[in-house]
Amino acid sequence: MTPTVTPRAGKPVGRVAFVGAGPGDPGLVTLRARDRLAAADTVVLDQINRDELIARFCRPDVTVVDAGHGEHGEELTRASRAKLLVRTAKALGGDGLVVRLLDGDPSLFSGFAEEAQALHKAGIPFEVVPGVSAASAVPMYAGVPLTTQQATAVHVVDAGDRRHDWAPATSEHVTVVVLGAPETLAPALAGLRGAGRSEGTPVLLTECGTTTRQVSRVTTLGEAEALLAQSSVHFPSLAVVGPSVALRDELSWYETKPLFGWNVLLPRTKDQAGPTDERLALYGAKADVVPTISVEPPRTPQQMDRAIRGLVTGRYEWVGFTSVNAVRAVREKFEESGLDARAFSGLKIAAVGGVTTAALRDWGIQPDLVPSGEQSAAGLLVDWPEYDEVLDPINRVFLPRADIATDTLVAGLQQMGWEVDDVTAYRTVRAAPPSAEVRDAIKSGAYDAVVFTSSSTVRNLVGIAGKPHPSTVVAVIGPATAKAAEEAGLHVDVMAPEASSDALVDALAAHGLGLAIAAQEAGEPVRRPSETKSTARRRAR
């Protein structure tokens with residue numbers, strides 16, 4: 001909505017957008033919220049840490065202001081936050097945009113009203129972007145609908161407000177949602193029980209809802225206080241009281257995902273890890289990205305410069321891309337030279353792997369040749385046509401590759417009659433070791449799985465951080481990567497049916513589902529690999 005306020009005459013002030021951040025899952029942020037975050041010059045954060053949203057949706061140069069605490073660490077009151085927001089907008093000035101990021105939906109148990117009134121009084125224009133509320137999203141992520149034929153009304157309560165009248169919530173047909181810090185849930189539920197709600201009413205207790213750290217417990221109103229006293233519950237937390245809680249066994253969909261709660265080690269550069277990270281999240285896993293290589297330009301750029309000139313002047317019949325880094329390196333050279341994808345007109349393009357193909361298509365280039373079988377240099381050679389003096393006017397191939405690339409592709413093409421310019425387009429340098437905390441986690445079995453997308457990631461991870469614990473599930477993208485893992489002393493548990501990161505994650509999810517089914521059939525609780533840390537699984541093979 002757009003306020004009717006007219007900015008006062010004088011120095012221009014910044015605009016403010018109140019944006020609902022949702023309950024925790026970044027995928028629940030609305031499209032308009034993403035747009036506002038992307039345009040933000042300054043983000044004023046609510047109390048819950050939202051670093052992931054800032055990193056994913058904001059510009060690198062965005063300014064972040066903590067609205068939860070003052071300069072000396074004291075917790076700010078709502079009035080103090082309102083003053084801070086006004087000062088921030090005035091300091092920004094001009095056409096600047098301040099995003100006030102509020103947890104869940106701004107209209108529900110937030111300081112929106114007080115802060116918006118302060119902006120109105122100061123003559124600062126603002127807008128509101130509603131968000132997904134934890135009151136509805138968290139119960140659904142736990143498999144509990146708020147309304148059914150038995151539950152026909154919903155009562156939402158702030159657990160921290162002791163002035164609440166529980167009388168409207170005592171009917172067995174009312175679903176009560178209690179939001180608050182863990183220490184406030186027990187007194188609030190005691191108040192509901194004291195007002196007359198039956199002690200046998202089912203209660204759902206959920207912490208860190210809609211995230212991969214979500215934990216849900218089902219109890220009754222009579223036993224909820226004791227359970228909260230015995231358990232360590234993390235903020236944010238929520239309780240649902242009502243008959244629909246009984247449906248959780250049938251409707252739980254999030255916490256039953258094949259990789260739910262798994263902590264997966266992903267040895268890749270951060271700019272390449274995004275699609276794999278997102279697919280792991282679809283299966284309920286959380287990925288920790290540990291860079292094992294750094295991609296850098298070649299030490300001497302002259303070879304690439306000559307190749308790019310030759311590409312434009314008609315020196316080549318084919319260009320073969322074997323990695324997304326090669327696509328990126330050539331594209332950067334094109335941009336430096338003022339060229340675009342039209343320079344590939346008349347050339348034949350070969351690509352290995354779905355990620356490389358996607359990078360070319362993003363550039364506006366459709367590859368002419370992608371391996372029909374194994375997505376590797378060997379697979380590319382199977383489908384690459386031999387040089388024909390009659391049909392091929394030019395007999396030369398341009399291969400922009402890494403400095404450590406093997407000779408398999410070059411030797412194979414030469415045997416088929418092609419002349420090859422094997423050009424170093426980029427260098428791969430082993431990254432610095434991760435923190436001691438990460439190295440300890442890798443060696444001690446804190447990770448449930450490790451996902452290797454190339455042979456070099458295996459060698460480099462072991463080189464900078466050591467071997468993963470035997471309990472860690474090892475998943476690899478193909479035979480060459482499997483061989484590297486075995487040479488490093490690792491047992492391969494999962495291999496993708498095709499060389500793509502999506503297929504690799506899908507195969508890991510199938511493995512996780514298999515482990516869960518086996519545990520259930522044996523009458524054992526379903527545990528993540530990191531919860532066992534036993535070599536018995538290895539010996540059983």
# chains A, B, ... in the order shown; residues from 1 in each chain; ligands from 1
call {"tool": "residues_around", "arguments": {"residues": "A:Arg162", "least_positions_apart": "2", "cutoff": "10 Å", "atoms": "only C-alpha atoms", "output": "list of chain:residue names"}}
result
A:Asp158, A:Ala159, A:Gly160, A:His164, A:Asp165, A:Thr184, A:Pro187, A:Ala188, A:Gly191
call {"tool": "write_last_selection", "arguments": {"atoms": "all heavy atoms", "output": "PDB file, in the first residue's frame"}}
result
ATOM      1  N   ASP A 158       0.103 -13.888  21.356  1.00  0.00           N
ATOM      2  CA  ASP A 158       1.490 -13.562  21.691  1.00  0.00           C
ATOM      3  C   ASP A 158       1.748 -14.075  23.105  1.00  0.00           C
ATOM      4  O   ASP A 158       1.163 -13.579  24.073  1.00  0.00           O
ATOM      5  CB  ASP A 158       1.693 -12.050  21.617  1.00  0.00           C
ATOM      6  CG  ASP A 158       3.102 -11.634  22.002  1.00  0.00           C
ATOM      7  OD1 ASP A 158       3.923 -12.520  22.304  1.00  0.00           O
ATOM      8  OD2 ASP A 158       3.387 -10.416  22.002  1.00  0.00           O
ATOM      9  N   ALA A 159       2.616 -15.076  23.217  1.00  0.00           N
ATOM     10  CA  ALA A 159       2.844 -15.707  24.526  1.00  0.00           C
ATOM     11  C   ALA A 159       3.384 -14.728  25.558  1.00  0.00           C
ATOM     12  O   ALA A 159       3.177 -14.912  26.762  1.00  0.00           O
ATOM     13  CB  ALA A 159       3.819 -16.873  24.372  1.00  0.00           C
ATOM     14  N   GLY A 160       4.043 -13.674  25.103  1.00  0.00           N
ATOM     15  CA  GLY A 160       4.638 -12.736  26.049  1.00  0.00           C
ATOM     16  C   GLY A 160       3.662 -11.748  26.640  1.00  0.00           C
ATOM     17  O   GLY A 160       4.008 -11.020  27.570  1.00  0.00           O
ATOM     18  N   HIS A 164      -3.682 -11.373  28.265  1.00  0.00           N
ATOM     19  CA  HIS A 164      -4.589 -12.025  27.330  1.00  0.00           C
ATOM     20  C   HIS A 164      -5.801 -12.656  28.029  1.00  0.00           C
ATOM     21  O   HIS A 164      -5.683 -13.249  29.103  1.00  0.00           O
ATOM     22  CB  HIS A 164      -3.857 -13.100  26.543  1.00  0.00           C
ATOM     23  CG  HIS A 164      -4.661 -13.641  25.407  1.00  0.00           C
ATOM     24  ND1 HIS A 164      -4.874 -12.932  24.253  1.00  0.00           N
ATOM     25  CD2 HIS A 164      -5.333 -14.812  25.260  1.00  0.00           C
ATOM     26  CE1 HIS A 164      -5.629 -13.637  23.443  1.00  0.00           C
ATOM     27  NE2 HIS A 164      -5.923 -14.773  24.027  1.00  0.00           N
ATOM     28  N   ASP A 165      -6.957 -12.532  27.374  1.00  0.00           N
ATOM     29  CA  ASP A 165      -8.187 -13.174  27.836  1.00  0.00           C
ATOM     30  C   ASP A 165      -8.336 -14.497  27.088  1.00  0.00           C
ATOM     31  O   ASP A 165      -8.564 -14.523  25.879  1.00  0.00           O
ATOM     32  CB  ASP A 165      -9.381 -12.258  27.544  1.00  0.00           C
ATOM     33  CG  ASP A 165     -10.709 -12.898  27.960  1.00  0.00           C
ATOM     34  OD1 ASP A 165     -10.674 -13.934  28.651  1.00  0.00           O
ATOM     35  OD2 ASP A 165     -11.763 -12.350  27.580  1.00  0.00           O
ATOM     36  N   THR A 184       8.387 -18.236  27.421  1.00  0.00           N
ATOM     37  CA  THR A 184       7.042 -17.694  27.595  1.00  0.00           C
ATOM     38  C   THR A 184       5.949 -18.679  27.201  1.00  0.00           C
ATOM     39  O   THR A 184       4.776 -18.456  27.515  1.00  0.00           O
ATOM     40  CB  THR A 184       6.871 -16.407  26.765  1.00  0.00           C
ATOM     41  OG1 THR A 184       7.010 -16.728  25.369  1.00  0.00           O
ATOM     42  CG2 THR A 184       7.906 -15.370  27.161  1.00  0.00           C
ATOM     43  N   PRO A 187       4.160 -20.639  30.518  1.00  0.00           N
ATOM     44  CA  PRO A 187       3.148 -19.850  31.243  1.00  0.00           C
ATOM     45  C   PRO A 187       1.897 -19.590  30.415  1.00  0.00           C
ATOM     46  O   PRO A 187       0.773 -19.587  30.954  1.00  0.00           O
ATOM     47  CB  PRO A 187       3.888 -18.543  31.551  1.00  0.00           C
ATOM     48  CG  PRO A 187       5.335 -18.884  31.505  1.00  0.00           C
ATOM     49  CD  PRO A 187       5.461 -19.948  30.468  1.00  0.00           C
ATOM     50  N   ALA A 188       2.060 -19.379  29.097  1.00  0.00           N
ATOM     51  CA  ALA A 188       0.897 -19.122  28.257  1.00  0.00           C
ATOM     52  C   ALA A 188       0.001 -20.353  28.179  1.00  0.00           C
ATOM     53  O   ALA A 188      -1.235 -20.255  28.309  1.00  0.00           O
ATOM     54  CB  ALA A 188       1.341 -18.713  26.860  1.00  0.00           C
ATOM     55  N   GLY A 191      -1.880 -20.790  31.289  1.00  0.00           N
ATOM     56  CA  GLY A 191      -3.015 -19.888  31.345  1.00  0.00           C
ATOM     57  C   GLY A 191      -4.212 -20.426  30.583  1.00  0.00           C
ATOM     58  O   GLY A 191      -5.360 -20.323  31.035  1.00  0.00           O
TER      59      GLY A 191
END
call {"tool": "select_by_dssp", "arguments": {"residues": "stretch 15-160 of chain A", "states": "strand (DSSP E)", "output": "PyMOL selection string"}}
result
chain A and resi 15-20+42-45+63-66+97-102+126-129+153-158
call {"tool": "write_last_selection", "arguments": {"atoms": "N, CA, C and O atoms", "output": "compact mmCIF listing (two decimals), in the first residue's frame"}}
result
# COMPACT_ATOMS: atom_id res chain seq x y z
N ARG A 15 13.15 6.68 1.22
CA ARG A 15 11.89 5.95 1.31
C ARG A 15 12.09 4.72 2.18
O ARG A 15 13.20 4.18 2.28
N VAL A 16 11.02 4.24 2.80
CA VAL A 16 11.09 3.05 3.66
C VAL A 16 10.08 2.03 3.16
O VAL A 16 8.94 2.37 2.87
N ALA A 17 10.53 0.79 3.05
CA ALA A 17 9.64 -0.32 2.72
C ALA A 17 9.66 -1.31 3.88
O ALA A 17 10.72 -1.85 4.23
N PHE A 18 8.52 -1.48 4.53
CA PHE A 18 8.38 -2.53 5.55
C PHE A 18 8.18 -3.85 4.82
O PHE A 18 7.20 -4.01 4.07
N VAL A 19 9.09 -4.79 4.99
CA VAL A 19 9.07 -6.04 4.24
C VAL A 19 8.96 -7.22 5.19
O VAL A 19 9.77 -7.36 6.10
N GLY A 20 7.95 -8.05 4.95
CA GLY A 20 7.82 -9.27 5.72
C GLY A 20 8.84 -10.29 5.28
O GLY A 20 8.89 -10.67 4.11
N THR A 42 19.85 0.38 2.28
CA THR A 42 20.06 0.05 3.69
C THR A 42 18.99 -0.93 4.12
O THR A 42 17.82 -0.80 3.72
N VAL A 43 19.37 -1.93 4.92
CA VAL A 43 18.40 -2.86 5.48
C VAL A 43 18.47 -2.75 7.01
O VAL A 43 19.55 -2.87 7.60
N VAL A 44 17.33 -2.51 7.61
CA VAL A 44 17.22 -2.46 9.06
C VAL A 44 16.64 -3.79 9.51
O VAL A 44 15.50 -4.13 9.18
N LEU A 45 17.44 -4.56 10.23
CA LEU A 45 17.07 -5.93 10.58
C LEU A 45 16.21 -6.00 11.83
O LEU A 45 16.39 -5.22 12.76
N THR A 63 24.02 -1.52 3.16
CA THR A 63 24.33 -1.22 4.56
C THR A 63 23.31 -1.92 5.45
O THR A 63 22.11 -1.84 5.21
N VAL A 64 23.79 -2.63 6.47
CA VAL A 64 22.91 -3.36 7.39
C VAL A 64 22.93 -2.68 8.75
O VAL A 64 24.00 -2.42 9.32
N VAL A 65 21.74 -2.38 9.26
CA VAL A 65 21.58 -1.73 10.56
C VAL A 65 20.86 -2.67 11.51
O VAL A 65 19.80 -3.20 11.17
N ASP A 66 21.42 -2.89 12.69
CA ASP A 66 20.81 -3.77 13.69
C ASP A 66 19.78 -2.99 14.49
O ASP A 66 20.12 -2.06 15.23
N LEU A 97 16.56 3.88 -0.65
CA LEU A 97 15.53 2.98 -0.14
C LEU A 97 16.03 2.26 1.10
O LEU A 97 17.08 1.60 1.08
N VAL A 98 15.27 2.39 2.18
CA VAL A 98 15.52 1.65 3.41
C VAL A 98 14.50 0.52 3.49
O VAL A 98 13.29 0.77 3.41
N VAL A 99 14.97 -0.71 3.62
CA VAL A 99 14.07 -1.84 3.83
C VAL A 99 14.08 -2.18 5.32
O VAL A 99 15.14 -2.48 5.89
N ARG A 100 12.93 -2.07 5.93
CA ARG A 100 12.77 -2.49 7.33
C ARG A 100 12.29 -3.92 7.32
O ARG A 100 11.13 -4.21 7.00
N LEU A 101 13.18 -4.85 7.59
CA LEU A 101 12.87 -6.28 7.48
C LEU A 101 12.27 -6.75 8.80
O LEU A 101 12.90 -6.70 9.86
N LEU A 102 11.02 -7.21 8.72
CA LEU A 102 10.29 -7.68 9.90
C LEU A 102 10.02 -9.17 9.79
O LEU A 102 9.69 -9.67 8.71
N PHE A 126 6.43 5.71 3.06
CA PHE A 126 6.69 4.29 3.28
C PHE A 126 5.68 3.44 2.53
O PHE A 126 4.63 3.91 2.11
N GLU A 127 6.02 2.17 2.36
CA GLU A 127 5.12 1.17 1.79
C GLU A 127 5.25 -0.10 2.62
O GLU A 127 6.19 -0.25 3.41
N VAL A 128 4.32 -1.03 2.41
CA VAL A 128 4.32 -2.28 3.17
C VAL A 128 4.25 -3.46 2.20
O VAL A 128 3.41 -3.48 1.30
N VAL A 129 5.16 -4.42 2.40
CA VAL A 129 5.15 -5.67 1.64
C VAL A 129 4.80 -6.79 2.61
O VAL A 129 5.65 -7.20 3.40
N ALA A 153 -12.29 -22.49 14.04
CA ALA A 153 -11.85 -21.13 14.34
C ALA A 153 -10.39 -21.16 14.76
O ALA A 153 -9.89 -22.19 15.23
N VAL A 154 -9.72 -20.03 14.58
CA VAL A 154 -8.30 -19.93 14.93
C VAL A 154 -8.10 -18.73 15.85
O VAL A 154 -8.64 -17.64 15.62
N HIS A 155 -7.32 -18.96 16.90
CA HIS A 155 -7.02 -17.92 17.88
C HIS A 155 -5.50 -17.80 17.97
O HIS A 155 -4.82 -18.75 18.36
N VAL A 156 -4.93 -16.65 17.58
CA VAL A 156 -3.48 -16.45 17.58
C VAL A 156 -3.10 -15.56 18.75
O VAL A 156 -3.70 -14.50 18.97
N VAL A 157 -2.09 -16.00 19.49
CA VAL A 157 -1.75 -15.34 20.76
C VAL A 157 -0.25 -15.05 20.81
O VAL A 157 0.57 -15.87 20.38
N ASP A 158 0.10 -13.89 21.36
CA ASP A 158 1.49 -13.56 21.69
C ASP A 158 1.75 -14.08 23.10
O ASP A 158 1.16 -13.58 24.07
call {"tool": "residues_around", "arguments": {"residues": "stretch 474-477 of chain A", "least_positions_apart": "4", "cutoff": "12 Å", "atoms": "only C-alpha atoms", "output": "MDAnalysis selection string"}}
result
chainID A and resid 264:267 276 353 374:376 442 445 447:458 467:470 481:486 488:512 529 538
call {"tool": "select_by_dssp", "arguments": {"residues": "stretch 28-148 of chain A", "states": "helix (DSSP H, G or I)", "output": "PyMOL selection string"}}
result
chain A and resi 28+31-39+51-57+78-92+112-122+134-141
call {"tool": "closest_residue", "arguments": {"among": "A:Val144, A:Leu119, A:Leu192, A:Ala55", "to": "A:Trp166", "atoms": "only C-alpha atoms"}}
result
A:Leu192
call {"tool": "residues_around", "arguments": {"residues": "A:Ala273", "least_positions_apart": "2", "cutoff": "10 Å", "atoms": "only C-alpha atoms", "output": "short mmCIF file (atom, residue, chain, number, x, y, z; two decimals) with N, CA, C and O atoms, in the first residue's frame"}}
result
data_model
loop_
_atom_site.label_atom_id
_atom_site.label_comp_id
_atom_site.auth_asym_id
_atom_site.auth_seq_id
_atom_site.Cartn_x
_atom_site.Cartn_y
_atom_site.Cartn_z
N LEU A 266 29.58 -29.60 0.97
CA LEU A 266 29.59 -29.35 -0.47
C LEU A 266 30.89 -28.66 -0.84
O LEU A 266 31.03 -27.44 -0.71
N PRO A 267 31.90 -29.44 -1.28
CA PRO A 267 33.18 -28.83 -1.66
C PRO A 267 33.10 -28.23 -3.06
O PRO A 267 33.35 -28.90 -4.06
N ARG A 268 32.75 -26.97 -3.14
CA ARG A 268 32.66 -26.26 -4.42
C ARG A 268 32.91 -24.79 -4.17
O ARG A 268 32.82 -24.31 -3.03
N THR A 269 33.19 -24.04 -5.20
CA THR A 269 33.25 -22.60 -5.04
C THR A 269 31.84 -22.08 -4.81
O THR A 269 30.87 -22.63 -5.32
N LYS A 270 31.71 -21.01 -4.03
CA LYS A 270 30.40 -20.52 -3.65
C LYS A 270 29.56 -20.10 -4.86
O LYS A 270 28.35 -20.25 -4.86
N ASP A 271 30.21 -19.56 -5.90
CA ASP A 271 29.44 -19.10 -7.06
C ASP A 271 28.92 -20.26 -7.90
O ASP A 271 28.07 -20.08 -8.77
N PRO A 275 22.91 -23.94 -7.35
CA PRO A 275 21.89 -24.91 -7.77
C PRO A 275 21.92 -26.20 -6.94
O PRO A 275 20.86 -26.75 -6.61
N THR A 276 23.11 -26.68 -6.59
CA THR A 276 23.20 -27.90 -5.78
C THR A 276 22.67 -27.65 -4.37
O THR A 276 21.94 -28.48 -3.81
N ASP A 277 23.02 -26.50 -3.82
CA ASP A 277 22.53 -26.12 -2.49
C ASP A 277 21.01 -26.07 -2.47
O ASP A 277 20.35 -26.61 -1.57
N GLU A 278 20.43 -25.45 -3.50
CA GLU A 278 18.97 -25.32 -3.56
C GLU A 278 18.29 -26.68 -3.70
O GLU A 278 17.23 -26.92 -3.11
N ALA A 287 23.26 -27.37 3.34
CA ALA A 287 24.59 -27.54 2.76
C ALA A 287 25.56 -26.53 3.36
O ALA A 287 25.24 -25.35 3.50
N ASP A 288 26.75 -27.01 3.69
CA ASP A 288 27.86 -26.14 4.07
C ASP A 288 28.86 -26.16 2.92
O ASP A 288 29.44 -27.20 2.60
N VAL A 289 29.02 -25.01 2.28
CA VAL A 289 29.92 -24.91 1.13
C VAL A 289 31.35 -24.66 1.62
O VAL A 289 31.60 -23.71 2.36
N VAL A 290 32.26 -25.53 1.22
CA VAL A 290 33.67 -25.38 1.56
C VAL A 290 34.46 -25.28 0.25
O VAL A 290 34.63 -26.28 -0.45
N PRO A 291 34.90 -24.09 -0.12
CA PRO A 291 35.67 -23.95 -1.36
C PRO A 291 36.97 -24.75 -1.29
O PRO A 291 37.72 -24.65 -0.32
N SER A 501 24.70 -32.31 -11.41
CA SER A 501 24.54 -32.09 -9.97
C SER A 501 23.13 -32.45 -9.51
O SER A 501 22.93 -32.94 -8.39
#
call {"tool": "residues_around", "arguments": {"residues": "A:Leu221", "least_positions_apart": "4", "cutoff": "10 Å", "atoms": "only C-alpha atoms", "output": "ChimeraX atom specification"}}
result
/A:186,189-190,192-193,197-204,225-226,240-242
call {"tool": "residues_around", "arguments": {"residues": "stretch 70-87 of chain A", "least_positions_apart": "5", "cutoff": "7 Å", "atoms": "only C-alpha atoms", "output": "ChimeraX atom specification"}}
result
/A:111,114-115,118-119
call {"tool": "atom_distance", "arguments": {"atom1": "atom CA of A:Asp392", "atom2": "atom CA of A:Glu317"}}
result
7.6 Å
call {"tool": "atom_distance", "arguments": {"atom1": "atom CA of A:Arg59", "atom2": "atom CA of A:Ala285"}}
result
26.3 Å
call {"tool": "residues_around", "arguments": {"residues": "A:Gly320", "least_positions_apart": "5", "cutoff": "10 Å", "atoms": "only C-alpha atoms", "output": "list in words"}}
result
Ala326, Val327, Lys348, Ile349, Ala350, Ala351, Val352, Pro367, Leu369, Val370, Ala377, Leu380, Val397, Phe398, Leu399, Pro400, Arg401, Leu409 and Asp422 of chain A
call {"tool": "atom_distance", "arguments": {"atom1": "atom CA of A:Glu419", "atom2": "atom CA of A:Trp318"}}
result
10.4 Å
call {"tool": "closest_residue", "arguments": {"among": "A:Ala169, A:Cys208, A:Ala431, A:Ala446", "to": "A:Glu296", "atoms": "only C-alpha atoms"}}
result
A:Ala431
call {"tool": "decode", "arguments": {"residues": "stretch 322-331 of chain A", "atoms": "all heavy atoms", "output": "PDB file, in the first residue's frame"}}
result
ATOM      1  N   THR A 322      34.252 -27.680 -21.753  1.00  0.00           N
ATOM      2  CA  THR A 322      34.172 -28.828 -20.853  1.00  0.00           C
ATOM      3  C   THR A 322      33.822 -28.452 -19.422  1.00  0.00           C
ATOM      4  O   THR A 322      33.738 -29.317 -18.557  1.00  0.00           O
ATOM      5  CB  THR A 322      35.507 -29.587 -20.849  1.00  0.00           C
ATOM      6  OG1 THR A 322      36.558 -28.684 -20.481  1.00  0.00           O
ATOM      7  CG2 THR A 322      35.796 -30.172 -22.229  1.00  0.00           C
ATOM      8  N   SER A 323      33.597 -27.162 -19.153  1.00  0.00           N
ATOM      9  CA  SER A 323      33.218 -26.736 -17.793  1.00  0.00           C
ATOM     10  C   SER A 323      32.562 -25.375 -17.850  1.00  0.00           C
ATOM     11  O   SER A 323      32.748 -24.609 -18.818  1.00  0.00           O
ATOM     12  CB  SER A 323      34.446 -26.670 -16.876  1.00  0.00           C
ATOM     13  OG  SER A 323      35.260 -25.566 -17.225  1.00  0.00           O
ATOM     14  N   VAL A 324      31.830 -25.051 -16.805  1.00  0.00           N
ATOM     15  CA  VAL A 324      31.199 -23.743 -16.724  1.00  0.00           C
ATOM     16  C   VAL A 324      32.257 -22.659 -16.551  1.00  0.00           C
ATOM     17  O   VAL A 324      32.070 -21.512 -16.989  1.00  0.00           O
ATOM     18  CB  VAL A 324      30.174 -23.720 -15.567  1.00  0.00           C
ATOM     19  CG1 VAL A 324      30.861 -23.845 -14.210  1.00  0.00           C
ATOM     20  CG2 VAL A 324      29.332 -22.452 -15.601  1.00  0.00           C
ATOM     21  N   ASN A 325      33.392 -23.000 -15.931  1.00  0.00           N
ATOM     22  CA  ASN A 325      34.462 -22.016 -15.779  1.00  0.00           C
ATOM     23  C   ASN A 325      35.039 -21.618 -17.137  1.00  0.00           C
ATOM     24  O   ASN A 325      35.438 -20.465 -17.340  1.00  0.00           O
ATOM     25  CB  ASN A 325      35.575 -22.575 -14.892  1.00  0.00           C
ATOM     26  CG  ASN A 325      35.160 -22.619 -13.432  1.00  0.00           C
ATOM     27  OD1 ASN A 325      34.450 -21.739 -12.956  1.00  0.00           O
ATOM     28  ND2 ASN A 325      35.596 -23.639 -12.725  1.00  0.00           N
ATOM     29  N   ALA A 326      35.088 -22.576 -18.060  1.00  0.00           N
ATOM     30  CA  ALA A 326      35.566 -22.263 -19.404  1.00  0.00           C
ATOM     31  C   ALA A 326      34.617 -21.303 -20.108  1.00  0.00           C
ATOM     32  O   ALA A 326      35.040 -20.362 -20.783  1.00  0.00           O
ATOM     33  CB  ALA A 326      35.721 -23.546 -20.210  1.00  0.00           C
ATOM     34  N   VAL A 327      33.324 -21.532 -19.953  1.00  0.00           N
ATOM     35  CA  VAL A 327      32.328 -20.623 -20.534  1.00  0.00           C
ATOM     36  C   VAL A 327      32.509 -19.230 -19.953  1.00  0.00           C
ATOM     37  O   VAL A 327      32.518 -18.222 -20.679  1.00  0.00           O
ATOM     38  CB  VAL A 327      30.899 -21.144 -20.275  1.00  0.00           C
ATOM     39  CG1 VAL A 327      29.872 -20.154 -20.821  1.00  0.00           C
ATOM     40  CG2 VAL A 327      30.699 -22.513 -20.899  1.00  0.00           C
ATOM     41  N   ARG A 328      32.665 -19.168 -18.636  1.00  0.00           N
ATOM     42  CA  ARG A 328      32.806 -17.874 -17.975  1.00  0.00           C
ATOM     43  C   ARG A 328      34.069 -17.154 -18.440  1.00  0.00           C
ATOM     44  O   ARG A 328      34.052 -15.941 -18.685  1.00  0.00           O
ATOM     45  CB  ARG A 328      32.843 -18.078 -16.459  1.00  0.00           C
ATOM     46  CG  ARG A 328      32.878 -16.776 -15.667  1.00  0.00           C
ATOM     47  CD  ARG A 328      32.882 -17.011 -14.166  1.00  0.00           C
ATOM     48  NE  ARG A 328      31.612 -17.596 -13.750  1.00  0.00           N
ATOM     49  CZ  ARG A 328      31.503 -18.824 -13.247  1.00  0.00           C
ATOM     50  NH1 ARG A 328      32.566 -19.601 -13.128  1.00  0.00           N
ATOM     51  NH2 ARG A 328      30.329 -19.283 -12.871  1.00  0.00           N
ATOM     52  N   ALA A 329      35.180 -17.897 -18.590  1.00  0.00           N
ATOM     53  CA  ALA A 329      36.442 -17.277 -19.003  1.00  0.00           C
ATOM     54  C   ALA A 329      36.341 -16.697 -20.414  1.00  0.00           C
ATOM     55  O   ALA A 329      36.801 -15.576 -20.675  1.00  0.00           O
ATOM     56  CB  ALA A 329      37.570 -18.304 -18.926  1.00  0.00           C
ATOM     57  N   VAL A 330      35.746 -17.454 -21.340  1.00  0.00           N
ATOM     58  CA  VAL A 330      35.605 -16.968 -22.720  1.00  0.00           C
ATOM     59  C   VAL A 330      34.639 -15.787 -22.767  1.00  0.00           C
ATOM     60  O   VAL A 330      34.876 -14.790 -23.471  1.00  0.00           O
ATOM     61  CB  VAL A 330      35.128 -18.108 -23.645  1.00  0.00           C
ATOM     62  CG1 VAL A 330      34.797 -17.575 -25.034  1.00  0.00           C
ATOM     63  CG2 VAL A 330      36.199 -19.192 -23.742  1.00  0.00           C
ATOM     64  N   ARG A 331      33.572 -15.873 -21.995  1.00  0.00           N
ATOM     65  CA  ARG A 331      32.599 -14.777 -21.995  1.00  0.00           C
ATOM     66  C   ARG A 331      33.229 -13.483 -21.479  1.00  0.00           C
ATOM     67  O   ARG A 331      32.982 -12.391 -22.016  1.00  0.00           O
ATOM     68  CB  ARG A 331      31.387 -15.160 -21.149  1.00  0.00           C
ATOM     69  CG  ARG A 331      30.238 -14.164 -21.236  1.00  0.00           C
ATOM     70  CD  ARG A 331      28.970 -14.721 -20.626  1.00  0.00           C
ATOM     71  NE  ARG A 331      27.870 -13.784 -20.804  1.00  0.00           N
ATOM     72  CZ  ARG A 331      26.603 -14.045 -20.475  1.00  0.00           C
ATOM     73  NH1 ARG A 331      26.287 -15.235 -19.966  1.00  0.00           N
ATOM     74  NH2 ARG A 331      25.663 -13.141 -20.663  1.00  0.00           N
TER      75      ARG A 331
END
